[in-house]
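Here's upload.pdb, which has PDB, C-alpha atoms:
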```
ATOM      1  CA  MET A   1      34.270  61.332 120.252
ATOM      2  CA  ASN A   2      35.441  62.403 116.780
ATOM      3  CA  ARG A   3      35.664  66.050 117.890
ATOM      4  CA  ILE A   4      38.566  67.671 116.092
ATOM      5  CA  GLU A   5      38.136  71.021 117.884
ATOM      6  CA  LEU A   6      39.383  69.407 121.133
ATOM      7  CA  LEU A   7      42.593  68.337 119.427
ATOM      8  CA  ARG A   8      42.888  71.775 117.856
ATOM      9  CA  ASP A   9      42.489  73.466 121.250
ATOM     10  CA  LEU A  10      45.118  71.198 122.787
ATOM     11  CA  TYR A  11      47.525  71.934 119.924
ATOM     12  CA  LEU A  12      47.022  75.686 120.243
ATOM     13  CA  TRP A  13      47.476  75.574 124.017
ATOM     14  CA  ALA A  14      50.665  73.511 123.643
ATOM     15  CA  TYR A  15      51.981  75.953 121.030
ATOM     16  CA  GLU A  16      51.100  79.194 122.816
ATOM     17  CA  ARG A  17      52.471  78.231 126.214
ATOM     18  CA  PRO A  18      56.170  77.916 125.240
ATOM     19  CA  THR A  19      55.805  80.931 122.949
ATOM     20  CA  LYS A  20      54.768  83.092 125.899
ATOM     21  CA  GLU A  21      57.607  81.692 127.984
ATOM     22  CA  TYR A  22      60.069  82.431 125.171
ATOM     23  CA  LEU A  23      58.871  86.016 124.893
ATOM     24  CA  ALA A  24      59.204  86.491 128.657
ATOM     25  CA  VAL A  25      62.751  85.122 128.636
ATOM     26  CA  LYS A  26      63.678  87.186 125.573
ATOM     27  CA  GLN A  27      62.593  90.403 127.306
ATOM     28  CA  GLU A  28      64.828  89.612 130.291
ATOM     29  CA  LEU A  29      67.948  89.093 128.174
ATOM     30  CA  VAL A  30      70.557  91.826 128.171
ATOM     31  CA  LYS A  31      72.296  92.821 124.956
ATOM     32  CA  PRO A  32      75.930  91.712 124.876
ATOM     33  CA  ASP A  33      78.588  94.289 125.633
ATOM     34  CA  GLN A  34      80.224  95.012 122.270
ATOM     35  CA  GLN A  35      83.522  96.141 123.798
ATOM     36  CA  ARG A  36      83.730  93.031 125.944
ATOM     37  CA  LEU A  37      83.159  90.904 122.839
ATOM     38  CA  GLN A  38      85.666  92.885 120.794
ATOM     39  CA  TYR A  39      88.458  92.600 123.375
ATOM     40  CA  ARG A  40      87.597  89.240 124.961
ATOM     41  CA  ALA A  41      90.701  87.440 123.635
ATOM     42  CA  LYS A  42      92.997  90.209 124.868
ATOM     43  CA  ILE A  43      91.234  90.372 128.254
ATOM     44  CA  LYS A  44      91.416  86.596 128.607
ATOM     45  CA  GLU A  45      95.144  86.669 127.905
ATOM     46  CA  ILE A  46      95.678  89.530 130.387
ATOM     47  CA  VAL A  47      93.827  87.666 133.141
ATOM     48  CA  LYS A  48      95.751  84.491 132.336
ATOM     49  CA  GLN A  49      99.107  86.262 132.596
ATOM     50  CA  VAL A  50      98.156  88.008 135.846
ATOM     51  CA  ILE A  51      97.237  84.654 137.375
ATOM     52  CA  LEU A  52     100.301  82.829 136.035
ATOM     53  CA  THR A  53     102.725  85.536 137.213
ATOM     54  CA  PRO A  54     101.593  86.522 140.722
ATOM     55  CA  GLU A  55     104.973  88.138 141.434
ATOM     56  CA  SER A  56     104.316  90.823 138.779
ATOM     57  CA  GLN A  57     102.114  93.850 139.243
ATOM     58  CA  PRO A  58      98.761  93.465 137.417
ATOM     59  CA  PHE A  59      98.919  97.013 136.032
ATOM     60  CA  ASP A  60     102.317  96.313 134.474
ATOM     61  CA  ILE A  61     100.942  93.216 132.750
ATOM     62  CA  ILE A  62      97.870  95.075 131.518
ATOM     63  CA  GLU A  63      99.976  97.922 130.146
ATOM     64  CA  SER A  64     102.282  95.512 128.343
ATOM     65  CA  PHE A  65      99.277  94.097 126.471
ATOM     66  CA  ILE A  66      97.743  97.443 125.463
ATOM     67  CA  ILE A  67     100.779  99.346 124.228
ATOM     68  CA  ASN A  68      99.571  99.434 120.598
ATOM     69  CA  GLU A  69      95.942 100.341 121.344
ATOM     70  CA  GLU A  70      94.362 103.785 121.000
ATOM     71  CA  ASP A  71      93.878 105.855 124.166
ATOM     72  CA  THR A  72      90.110 105.327 124.369
ATOM     73  CA  ASP A  73      90.535 101.601 123.770
ATOM     74  CA  LYS A  74      93.224 101.444 126.446
ATOM     75  CA  GLN A  75      90.878 102.818 129.095
ATOM     76  CA  ASN A  76      88.145 100.383 128.098
ATOM     77  CA  ILE A  77      90.484  97.402 128.106
ATOM     78  CA  ILE A  78      91.915  98.367 131.496
ATOM     79  CA  ALA A  79      88.430  98.728 132.979
ATOM     80  CA  LEU A  80      87.238  95.422 131.529
ATOM     81  CA  ALA A  81      90.385  93.554 132.591
ATOM     82  CA  LEU A  82      90.186  94.909 136.141
ATOM     83  CA  GLU A  83      86.524  93.959 136.325
ATOM     84  CA  GLU A  84      87.355  90.409 135.250
ATOM     85  CA  LEU A  85      90.190  90.212 137.771
ATOM     86  CA  ARG A  86      87.840  91.311 140.562
ATOM     87  CA  ARG A  87      85.489  88.475 139.660
ATOM     88  CA  ILE A  88      88.174  85.807 140.020
ATOM     89  CA  HIS A  89      87.672  83.324 142.850
ATOM     90  CA  GLU A  90      88.422  79.673 143.460
ATOM     91  CA  GLY A  91      85.329  78.479 141.591
ATOM     92  CA  VAL A  92      86.171  80.263 138.341
ATOM     93  CA  THR A  93      88.057  78.430 135.612
ATOM     94  CA  ILE A  94      89.724  80.206 132.761
TER      95      ILE A  94
END
```
Can the structure from this file be put into structure tokens for me?
Amino acid sequence: MNRIELLRDLYLWAYERPTKEYLAVKQELVKPDQQRLQYRAKIKEIVKQVILTPESQPFDIIESFIINEEDTDKQNIIALALEELRRIHEGVTI
């Protein structure tokens, strides 16, 4: 056929389709929680210790990890750690 415009149309269609899908997915993404990122190592360690020492009270473990933090940071860490502990079930691996 020697019609280049057909190949061009196919190329444009193949390029535009994933671009539209990417834009749709990008709009659905939620920005990461900066506090969760900042304290993720500490929260992970808190959750680990709560699980490994079931005889201890979770609040005591949390408080032992946040002694040196500022008051506003303490409240955020406590809230994030408790949220993570609520999410724990048999299917979750740490």
Neighbouring residues of Arg36 (chain A) were defined as those with any atom within 12 Å, considering all atoms listed in the file; residues of the same chain fewer than 4 positions away were excluded. Please report them as an mmCIF file with C-alpha atoms, in the coordinates of the input.
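Result written to around26.cif:
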```
data_model
loop_
_atom_site.group_PDB
_atom_site.id
_atom_site.type_symbol
_atom_site.label_atom_id
_atom_site.label_comp_id
_atom_site.auth_asym_id
_atom_site.auth_seq_id
_atom_site.Cartn_x
_atom_site.Cartn_y
_atom_site.Cartn_z
ATOM 1 C CA LYS A 31 72.296 92.821 124.956
ATOM 2 C CA PRO A 32 75.930 91.712 124.876
ATOM 3 C CA ARG A 40 87.597 89.240 124.961
ATOM 4 C CA ALA A 41 90.701 87.440 123.635
ATOM 5 C CA LYS A 42 92.997 90.209 124.868
ATOM 6 C CA ILE A 43 91.234 90.372 128.254
ATOM 7 C CA LYS A 44 91.416 86.596 128.607
ATOM 8 C CA ASP A 73 90.535 101.601 123.770
ATOM 9 C CA ASN A 76 88.145 100.383 128.098
ATOM 10 C CA ILE A 77 90.484 97.402 128.106
ATOM 11 C CA ILE A 78 91.915 98.367 131.496
ATOM 12 C CA ALA A 79 88.430 98.728 132.979
ATOM 13 C CA LEU A 80 87.238 95.422 131.529
ATOM 14 C CA ALA A 81 90.385 93.554 132.591
ATOM 15 C CA GLU A 83 86.524 93.959 136.325
ATOM 16 C CA GLU A 84 87.355 90.409 135.250
#
```
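When all atoms listed in the file are used to compute distances to Gln49 (chain A), the closest of the residues A:Gly91, A:Glu69, A:Leu85, A:Leu10 turns out to be A:Leu85.
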For the atom pair CA of Leu12 (chain A) and CA of Leu29 (chain A), what is the interatomic distance in Å to one decimal place? 26.1 Å
Which is closer to Ile66 (chain A) than all the others in A:Asp9, A:Glu45, A:Glu16, A:Glu90, using only C-alpha atoms?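 Looking only at the distances to Ile66 (chain A), the closest residue turns out to be A:Glu45.
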Just how far from CA of Phe65 (chain A) is CA of Gln34 (chain A), in Å to one decimal?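 Between these atoms lies a distance of 19.5 Å.
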Within 12 Å of Leu52 (chain A), counting all atoms listed in the file, which residues show up once you throw out same-chain ones fewer than 6 positions away? Write them as a compact mmCIF listing (two decimals) with C-alpha atoms, keeping the file's coordinate frame, please.
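Saved file part-v2.txt follows:
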```txt
# COMPACT_ATOMS: atom_id res chain seq x y z
CA GLU A 45 95.14 86.67 127.90
CA ILE A 46 95.68 89.53 130.39
CA PRO A 58 98.76 93.46 137.42
CA ILE A 61 100.94 93.22 132.75
CA ILE A 94 89.72 80.21 132.76
```
What is the CA of Glu55 (chain A) to CA of Lys74 (chain A) distance in Å? 23.2 Å
From A:Leu23, A:Asp33, A:Val47, A:Pro18, residue lying nearest Arg87 (chain A) [all atoms listed in the file]: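 The answer is A:Val47, which sits nearest to Arg87 (chain A).
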Listed atoms of region 36-52 of chain A boxed along x, y and z, 3 Å each side, centre and edge lengths in Å, one decimal, as JSON:
```
{"center_x": 91.7, "center_y": 87.9, "center_z": 129.1, "size_x": 23.1, "size_y": 16.2, "size_z": 22.6}
```
If you keep C-alpha atoms, can you output chain A as a PDB file, in the first residue's frame?
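Written output follows (selection03.pdb):
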```pdb
ATOM      1  CA  MET A   1       0.000   0.000   0.000  1.00  0.00           C
ATOM      2  CA  ASN A   2       2.937   2.346   0.665  1.00  0.00           C
ATOM      3  CA  ARG A   3       0.739   4.626   2.798  1.00  0.00           C
ATOM      4  CA  ILE A   4       2.848   6.043   5.596  1.00  0.00           C
ATOM      5  CA  GLU A   5      -0.077   7.914   7.196  1.00  0.00           C
ATOM      6  CA  LEU A   6      -1.580   4.561   8.296  1.00  0.00           C
ATOM      7  CA  LEU A   7       1.611   3.681  10.143  1.00  0.00           C
ATOM      8  CA  ARG A   8       1.716   7.180  11.600  1.00  0.00           C
ATOM      9  CA  ASP A   9      -1.874   6.871  12.848  1.00  0.00           C
ATOM     10  CA  LEU A  10      -1.131   3.496  14.420  1.00  0.00           C
ATOM     11  CA  TYR A  11       1.971   4.901  16.134  1.00  0.00           C
ATOM     12  CA  LEU A  12       0.065   7.889  17.505  1.00  0.00           C
ATOM     13  CA  TRP A  13      -2.780   5.691  18.743  1.00  0.00           C
ATOM     14  CA  ALA A  14      -0.310   3.322  20.433  1.00  0.00           C
ATOM     15  CA  TYR A  15       1.467   6.277  22.057  1.00  0.00           C
ATOM     16  CA  GLU A  16      -1.607   8.193  23.221  1.00  0.00           C
ATOM     17  CA  ARG A  17      -3.425   5.248  24.761  1.00  0.00           C
ATOM     18  CA  PRO A  18      -0.909   4.451  27.548  1.00  0.00           C
ATOM     19  CA  THR A  19      -0.341   8.176  28.076  1.00  0.00           C
ATOM     20  CA  LYS A  20      -4.022   8.659  28.886  1.00  0.00           C
ATOM     21  CA  GLU A  21      -3.966   5.632  31.169  1.00  0.00           C
ATOM     22  CA  TYR A  22      -0.882   6.999  32.943  1.00  0.00           C
ATOM     23  CA  LEU A  23      -2.537  10.364  33.500  1.00  0.00           C
ATOM     24  CA  ALA A  24      -5.650   8.676  34.902  1.00  0.00           C
ATOM     25  CA  VAL A  25      -3.578   6.577  37.302  1.00  0.00           C
ATOM     26  CA  LYS A  26      -1.458   9.575  38.311  1.00  0.00           C
ATOM     27  CA  GLN A  27      -4.567  11.557  39.276  1.00  0.00           C
ATOM     28  CA  GLU A  28      -5.739   8.721  41.537  1.00  0.00           C
ATOM     29  CA  LEU A  29      -2.461   8.525  43.461  1.00  0.00           C
ATOM     30  CA  VAL A  30      -2.369   9.976  46.949  1.00  0.00           C
ATOM     31  CA  LYS A  31       0.633  11.964  48.127  1.00  0.00           C
ATOM     32  CA  PRO A  32       2.693  10.080  50.705  1.00  0.00           C
ATOM     33  CA  ASP A  33       2.243  10.994  54.345  1.00  0.00           C
ATOM     34  CA  GLN A  34       5.425  12.870  55.273  1.00  0.00           C
ATOM     35  CA  GLN A  35       5.173  12.036  58.978  1.00  0.00           C
ATOM     36  CA  ARG A  36       4.692   8.356  58.238  1.00  0.00           C
ATOM     37  CA  LEU A  37       7.792   8.440  56.030  1.00  0.00           C
ATOM     38  CA  GLN A  38       9.795  10.386  58.597  1.00  0.00           C
ATOM     39  CA  TYR A  39       9.002   8.008  61.471  1.00  0.00           C
ATOM     40  CA  ARG A  40       8.610   4.726  59.568  1.00  0.00           C
ATOM     41  CA  ALA A  41      11.722   3.092  61.078  1.00  0.00           C
ATOM     42  CA  LYS A  42      10.655   4.014  64.610  1.00  0.00           C
ATOM     43  CA  ILE A  43       7.062   2.872  63.986  1.00  0.00           C
ATOM     44  CA  LYS A  44       8.288  -0.395  62.489  1.00  0.00           C
ATOM     45  CA  GLU A  45      10.447  -1.031  65.544  1.00  0.00           C
ATOM     46  CA  ILE A  46       7.561  -0.188  67.909  1.00  0.00           C
ATOM     47  CA  VAL A  47       5.219  -2.600  66.126  1.00  0.00           C
ATOM     48  CA  LYS A  48       7.916  -5.275  66.119  1.00  0.00           C
ATOM     49  CA  GLN A  49       8.482  -4.946  69.867  1.00  0.00           C
ATOM     50  CA  VAL A  50       4.750  -4.978  70.632  1.00  0.00           C
ATOM     51  CA  ILE A  51       4.378  -8.209  68.669  1.00  0.00           C
ATOM     52  CA  LEU A  52       7.493  -9.845  70.131  1.00  0.00           C
ATOM     53  CA  THR A  53       6.549  -8.981  73.729  1.00  0.00           C
ATOM     54  CA  PRO A  54       2.816  -9.706  74.053  1.00  0.00           C
ATOM     55  CA  GLU A  55       3.082  -9.746  77.857  1.00  0.00           C
ATOM     56  CA  SER A  56       3.946  -6.012  77.895  1.00  0.00           C
ATOM     57  CA  GLN A  57       1.464  -3.199  77.514  1.00  0.00           C
ATOM     58  CA  PRO A  58       1.652  -1.595  74.034  1.00  0.00           C
ATOM     59  CA  PHE A  59       1.504   1.933  75.470  1.00  0.00           C
ATOM     60  CA  ASP A  60       4.514   1.220  77.682  1.00  0.00           C
ATOM     61  CA  ILE A  61       6.506   0.030  74.670  1.00  0.00           C
ATOM     62  CA  ILE A  62       5.477   3.043  72.603  1.00  0.00           C
ATOM     63  CA  GLU A  63       6.427   5.446  75.386  1.00  0.00           C
ATOM     64  CA  SER A  64       9.815   3.800  75.820  1.00  0.00           C
ATOM     65  CA  PHE A  65      10.582   4.503  72.152  1.00  0.00           C
ATOM     66  CA  ILE A  66       9.470   8.154  72.138  1.00  0.00           C
ATOM     67  CA  ILE A  67      11.070   9.462  75.314  1.00  0.00           C
ATOM     68  CA  ASN A  68      13.481  11.781  73.455  1.00  0.00           C
ATOM     69  CA  GLU A  69      10.956  13.152  70.946  1.00  0.00           C
ATOM     70  CA  GLU A  70       9.244  16.547  71.096  1.00  0.00           C
ATOM     71  CA  ASP A  71       5.659  16.685  72.390  1.00  0.00           C
ATOM     72  CA  THR A  72       4.064  17.230  68.973  1.00  0.00           C
ATOM     73  CA  ASP A  73       6.154  14.433  67.480  1.00  0.00           C
ATOM     74  CA  LYS A  74       5.190  12.137  70.347  1.00  0.00           C
ATOM     75  CA  GLN A  75       1.487  12.520  69.604  1.00  0.00           C
ATOM     76  CA  ASN A  76       2.046  11.868  65.909  1.00  0.00           C
ATOM     77  CA  ILE A  77       4.185   8.804  66.541  1.00  0.00           C
ATOM     78  CA  ILE A  78       1.666   7.394  69.019  1.00  0.00           C
ATOM     79  CA  ALA A  79      -1.191   7.900  66.558  1.00  0.00           C
ATOM     80  CA  LEU A  80       0.736   6.347  63.672  1.00  0.00           C
ATOM     81  CA  ALA A  81       1.939   3.393  65.758  1.00  0.00           C
ATOM     82  CA  LEU A  82      -1.564   2.677  67.059  1.00  0.00           C
ATOM     83  CA  GLU A  83      -2.938   2.862  63.534  1.00  0.00           C
ATOM     84  CA  GLU A  84      -0.349   0.340  62.356  1.00  0.00           C
ATOM     85  CA  LEU A  85      -1.108  -1.948  65.291  1.00  0.00           C
ATOM     86  CA  ARG A  86      -4.824  -1.859  64.454  1.00  0.00           C
ATOM     87  CA  ARG A  87      -4.026  -2.992  60.923  1.00  0.00           C
ATOM     88  CA  ILE A  88      -2.144  -6.087  62.079  1.00  0.00           C
ATOM     89  CA  HIS A  89      -3.731  -9.420  61.184  1.00  0.00           C
ATOM     90  CA  GLU A  90      -2.516 -12.884  60.292  1.00  0.00           C
ATOM     91  CA  GLY A  91      -1.873 -11.980  56.651  1.00  0.00           C
ATOM     92  CA  VAL A  92       0.470  -9.085  57.415  1.00  0.00           C
ATOM     93  CA  THR A  93       4.214  -9.662  57.534  1.00  0.00           C
ATOM     94  CA  ILE A  94       6.590  -7.218  59.096  1.00  0.00           C
TER      95      ILE A  94
END
```
